[in-house]
Amino acid sequence: CPTGTDTDWCSATDSSIEWVATPAPEPRYAHASAIGDGDGRFYVFGGASSSGALADLWYLGTQASPAAWTRIDATGSSPPALSAPRIAVAGSTLFAFGGKGADGAYSDTLYELDLESLVWTSDAQSTGKAKPMG
């Protein structure tokens with residue numbers, strides 16, 4: 001953005017060169033991303049920043065003009081802050097699995113987000129003994 005901050009997302013429409021600054025995820029690494037199942041959304045979850053592990057979920061609405069970021073504020077059993085998790089979208093469900101928590105422990109819990117009701121659920125069968133491979 002010519003006049004924005006590091007966390008602004010700038011977009012221009014085909015018919016205009018006017019910049020539109022909107023909220024955006026903070027800069028991060030070791031995050032997960034996935035394309036929605038036909039909904040034109042690009043999802044970004046978790047990761048880490050200079051302030052530590054993150055637990056936020058955002059999507060970029062690519063079918064909007066201009067494209068804009070939206071933070072998803074869901075309820076339920078949401079995942080903790082995770083670095084290097086994995087996510088996938090199937091139908092109207094986003095799945096999150098794995099990653100390393102802020103406490104340094106690896107997660108083996110599967111989380112599911114219903115993208116219509118915006119309610120997280122998780123499996124109750126986590127062993128808490130996940131270890132990285134390799």
# chains A, B, ... in the order shown; residues from 1 in each chain; ligands from 1
>>> residues_around(residues="Phe45 of chain A", least_positions_apart="3", cutoff="9 Å", atoms="only C-alpha atoms", output="PDB file with all heavy atoms, in the first residue's frame")
ATOM      1  N   HIS A  31       2.981 -21.250   8.470  1.00  0.00           N
ATOM      2  CA  HIS A  31       1.519 -21.275   8.516  1.00  0.00           C
ATOM      3  C   HIS A  31       0.997 -22.343   7.555  1.00  0.00           C
ATOM      4  O   HIS A  31       1.759 -22.938   6.813  1.00  0.00           O
ATOM      5  CB  HIS A  31       0.948 -19.903   8.152  1.00  0.00           C
ATOM      6  CG  HIS A  31       1.407 -19.422   6.821  1.00  0.00           C
ATOM      7  ND1 HIS A  31       2.652 -18.837   6.638  1.00  0.00           N
ATOM      8  CD2 HIS A  31       0.836 -19.447   5.602  1.00  0.00           C
ATOM      9  CE1 HIS A  31       2.810 -18.527   5.363  1.00  0.00           C
ATOM     10  NE2 HIS A  31       1.727 -18.896   4.708  1.00  0.00           N
ATOM     11  N   ALA A  32      -0.301 -22.542   7.583  1.00  0.00           N
ATOM     12  CA  ALA A  32      -0.943 -23.465   6.658  1.00  0.00           C
ATOM     13  C   ALA A  32      -1.875 -22.673   5.748  1.00  0.00           C
ATOM     14  O   ALA A  32      -2.437 -21.657   6.158  1.00  0.00           O
ATOM     15  CB  ALA A  32      -1.741 -24.513   7.427  1.00  0.00           C
ATOM     16  N   SER A  33      -2.038 -23.153   4.531  1.00  0.00           N
ATOM     17  CA  SER A  33      -2.961 -22.494   3.611  1.00  0.00           C
ATOM     18  C   SER A  33      -3.660 -23.547   2.753  1.00  0.00           C
ATOM     19  O   SER A  33      -3.142 -24.641   2.556  1.00  0.00           O
ATOM     20  CB  SER A  33      -2.231 -21.480   2.727  1.00  0.00           C
ATOM     21  OG  SER A  33      -1.244 -22.112   1.947  1.00  0.00           O
ATOM     22  N   ALA A  34      -4.844 -23.188   2.287  1.00  0.00           N
ATOM     23  CA  ALA A  34      -5.627 -24.097   1.448  1.00  0.00           C
ATOM     24  C   ALA A  34      -6.606 -23.282   0.620  1.00  0.00           C
ATOM     25  O   ALA A  34      -7.046 -22.209   1.031  1.00  0.00           O
ATOM     26  CB  ALA A  34      -6.388 -25.111   2.291  1.00  0.00           C
ATOM     27  N   LEU A  54       0.717 -18.546  16.305  1.00  0.00           N
ATOM     28  CA  LEU A  54      -0.551 -17.879  16.023  1.00  0.00           C
ATOM     29  C   LEU A  54      -1.698 -18.889  15.932  1.00  0.00           C
ATOM     30  O   LEU A  54      -1.490 -20.034  15.550  1.00  0.00           O
ATOM     31  CB  LEU A  54      -0.455 -17.109  14.699  1.00  0.00           C
ATOM     32  CG  LEU A  54       0.640 -16.046  14.635  1.00  0.00           C
ATOM     33  CD1 LEU A  54       0.839 -15.580  13.197  1.00  0.00           C
ATOM     34  CD2 LEU A  54       0.289 -14.877  15.532  1.00  0.00           C
ATOM     35  N   ALA A  55      -2.905 -18.434  16.261  1.00  0.00           N
ATOM     36  CA  ALA A  55      -4.082 -19.301  16.212  1.00  0.00           C
ATOM     37  C   ALA A  55      -5.198 -18.710  15.365  1.00  0.00           C
ATOM     38  O   ALA A  55      -6.315 -19.182  15.402  1.00  0.00           O
ATOM     39  CB  ALA A  55      -4.608 -19.563  17.626  1.00  0.00           C
ATOM     40  N   ASP A  56      -4.894 -17.694  14.580  1.00  0.00           N
ATOM     41  CA  ASP A  56      -5.949 -17.025  13.813  1.00  0.00           C
ATOM     42  C   ASP A  56      -6.190 -17.695  12.466  1.00  0.00           C
ATOM     43  O   ASP A  56      -5.329 -18.367  11.918  1.00  0.00           O
ATOM     44  CB  ASP A  56      -5.645 -15.540  13.627  1.00  0.00           C
ATOM     45  CG  ASP A  56      -4.281 -15.274  13.005  1.00  0.00           C
ATOM     46  OD1 ASP A  56      -3.447 -16.198  12.935  1.00  0.00           O
ATOM     47  OD2 ASP A  56      -4.043 -14.137  12.590  1.00  0.00           O
ATOM     48  N   LEU A  57      -7.405 -17.521  11.955  1.00  0.00           N
ATOM     49  CA  LEU A  57      -7.810 -18.075  10.660  1.00  0.00           C
ATOM     50  C   LEU A  57      -8.381 -16.941   9.819  1.00  0.00           C
ATOM     51  O   LEU A  57      -9.259 -16.204  10.278  1.00  0.00           O
ATOM     52  CB  LEU A  57      -8.854 -19.172  10.851  1.00  0.00           C
ATOM     53  CG  LEU A  57      -9.463 -19.770   9.579  1.00  0.00           C
ATOM     54  CD1 LEU A  57      -8.398 -20.484   8.738  1.00  0.00           C
ATOM     55  CD2 LEU A  57     -10.587 -20.733   9.940  1.00  0.00           C
ATOM     56  N   TRP A  58      -7.873 -16.800   8.608  1.00  0.00           N
ATOM     57  CA  TRP A  58      -8.296 -15.764   7.673  1.00  0.00           C
ATOM     58  C   TRP A  58      -8.628 -16.400   6.331  1.00  0.00           C
ATOM     59  O   TRP A  58      -8.147 -17.485   6.011  1.00  0.00           O
ATOM     60  CB  TRP A  58      -7.162 -14.764   7.423  1.00  0.00           C
ATOM     61  CG  TRP A  58      -6.772 -13.922   8.587  1.00  0.00           C
ATOM     62  CD1 TRP A  58      -6.030 -14.300   9.669  1.00  0.00           C
ATOM     63  CD2 TRP A  58      -7.077 -12.542   8.773  1.00  0.00           C
ATOM     64  NE1 TRP A  58      -5.853 -13.238  10.506  1.00  0.00           N
ATOM     65  CE2 TRP A  58      -6.482 -12.142   9.985  1.00  0.00           C
ATOM     66  CE3 TRP A  58      -7.781 -11.600   8.020  1.00  0.00           C
ATOM     67  CZ2 TRP A  58      -6.578 -10.848  10.465  1.00  0.00           C
ATOM     68  CZ3 TRP A  58      -7.878 -10.304   8.501  1.00  0.00           C
ATOM     69  CH2 TRP A  58      -7.286  -9.939   9.714  1.00  0.00           C
ATOM     70  N   TYR A  59      -9.408 -15.695   5.522  1.00  0.00           N
ATOM     71  CA  TYR A  59      -9.543 -16.087   4.122  1.00  0.00           C
ATOM     72  C   TYR A  59      -9.480 -14.851   3.248  1.00  0.00           C
ATOM     73  O   TYR A  59      -9.877 -13.760   3.645  1.00  0.00           O
ATOM     74  CB  TYR A  59     -10.811 -16.899   3.848  1.00  0.00           C
ATOM     75  CG  TYR A  59     -12.108 -16.122   3.879  1.00  0.00           C
ATOM     76  CD1 TYR A  59     -12.547 -15.415   2.754  1.00  0.00           C
ATOM     77  CD2 TYR A  59     -12.907 -16.101   5.009  1.00  0.00           C
ATOM     78  CE1 TYR A  59     -13.743 -14.709   2.781  1.00  0.00           C
ATOM     79  CE2 TYR A  59     -14.092 -15.411   5.036  1.00  0.00           C
ATOM     80  CZ  TYR A  59     -14.509 -14.710   3.921  1.00  0.00           C
ATOM     81  OH  TYR A  59     -15.681 -14.009   3.945  1.00  0.00           O
ATOM     82  N   LEU A  82      -0.612 -22.703  16.699  1.00  0.00           N
ATOM     83  CA  LEU A  82       0.194 -23.786  16.137  1.00  0.00           C
ATOM     84  C   LEU A  82       1.124 -23.268  15.056  1.00  0.00           C
ATOM     85  O   LEU A  82       0.715 -22.518  14.178  1.00  0.00           O
ATOM     86  CB  LEU A  82      -0.709 -24.864  15.531  1.00  0.00           C
ATOM     87  CG  LEU A  82      -1.574 -25.660  16.494  1.00  0.00           C
ATOM     88  CD1 LEU A  82      -2.604 -26.485  15.729  1.00  0.00           C
ATOM     89  CD2 LEU A  82      -0.702 -26.559  17.370  1.00  0.00           C
ATOM     90  N   PRO A  85       1.115 -26.179  11.157  1.00  0.00           N
ATOM     91  CA  PRO A  85      -0.006 -27.118  11.068  1.00  0.00           C
ATOM     92  C   PRO A  85      -0.290 -27.434   9.607  1.00  0.00           C
ATOM     93  O   PRO A  85       0.348 -26.876   8.704  1.00  0.00           O
ATOM     94  CB  PRO A  85      -1.163 -26.326  11.684  1.00  0.00           C
ATOM     95  CG  PRO A  85      -0.858 -24.917  11.270  1.00  0.00           C
ATOM     96  CD  PRO A  85       0.655 -24.812  11.349  1.00  0.00           C
ATOM     97  N   ARG A  86      -1.267 -28.274   9.345  1.00  0.00           N
ATOM     98  CA  ARG A  86      -1.740 -28.550   7.986  1.00  0.00           C
ATOM     99  C   ARG A  86      -3.236 -28.331   7.973  1.00  0.00           C
ATOM    100  O   ARG A  86      -3.928 -28.661   8.945  1.00  0.00           O
ATOM    101  CB  ARG A  86      -1.422 -29.987   7.562  1.00  0.00           C
ATOM    102  CG  ARG A  86       0.058 -30.282   7.498  1.00  0.00           C
ATOM    103  CD  ARG A  86       0.736 -29.438   6.414  1.00  0.00           C
ATOM    104  NE  ARG A  86       2.157 -29.677   6.363  1.00  0.00           N
ATOM    105  CZ  ARG A  86       3.069 -28.815   6.793  1.00  0.00           C
ATOM    106  NH1 ARG A  86       2.705 -27.682   7.354  1.00  0.00           N
ATOM    107  NH2 ARG A  86       4.341 -29.084   6.668  1.00  0.00           N
ATOM    108  N   ILE A  87      -3.757 -27.763   6.881  1.00  0.00           N
ATOM    109  CA  ILE A  87      -5.193 -27.602   6.724  1.00  0.00           C
ATOM    110  C   ILE A  87      -5.619 -28.085   5.343  1.00  0.00           C
ATOM    111  O   ILE A  87      -4.818 -28.118   4.403  1.00  0.00           O
ATOM    112  CB  ILE A  87      -5.684 -26.146   6.947  1.00  0.00           C
ATOM    113  CG1 ILE A  87      -5.129 -25.184   5.896  1.00  0.00           C
ATOM    114  CG2 ILE A  87      -5.394 -25.678   8.363  1.00  0.00           C
ATOM    115  CD1 ILE A  87      -5.749 -23.780   5.962  1.00  0.00           C
ATOM    116  N   ALA A  96      -8.000 -29.002  10.309  1.00  0.00           N
ATOM    117  CA  ALA A  96      -6.671 -28.573  10.761  1.00  0.00           C
ATOM    118  C   ALA A  96      -6.068 -29.716  11.574  1.00  0.00           C
ATOM    119  O   ALA A  96      -6.752 -30.315  12.414  1.00  0.00           O
ATOM    120  CB  ALA A  96      -6.767 -27.313  11.612  1.00  0.00           C
TER     121      ALA A  96
END
>>> closest_residue(among="A:Thr93, A:Ser51, A:Ser83, A:Ser78", to="Asp39 of chain A", atoms="only C-alpha atoms")
A:Thr93
>>> atom_distance(atom1="atom CA of Leu118 of chain A", atom2="atom CA of Thr75 of chain A")
6.5 Å
>>> residues_around(residues="Asp123 of chain A", least_positions_apart="5", cutoff="7 Å", atoms="only C-alpha atoms", output="list of chain:residue names")
A:Thr109, A:Leu110, A:Tyr111
>>> write_last_selection(atoms="N, CA, C and O atoms", output="JSON list (two decimals), in the first residue's frame")
[["chain", "number", "residue", "atom", "x", "y", "z"],
["A", 109, "THR", "N", -4.04, -33.72, 17.32],
["A", 109, "THR", "CA", -5.48, -33.53, 17.39],
["A", 109, "THR", "C", -6.00, -33.05, 16.03],
["A", 109, "THR", "O", -5.40, -32.17, 15.42],
["A", 110, "LEU", "N", -7.10, -33.64, 15.60],
["A", 110, "LEU", "CA", -7.77, -33.21, 14.37],
["A", 110, "LEU", "C", -8.89, -32.25, 14.75],
["A", 110, "LEU", "O", -9.74, -32.57, 15.58],
["A", 111, "TYR", "N", -8.88, -31.06, 14.14],
["A", 111, "TYR", "CA", -9.91, -30.05, 14.35],
["A", 111, "TYR", "C", -10.71, -29.90, 13.07],
["A", 111, "TYR", "O", -10.15, -29.96, 11.97]]
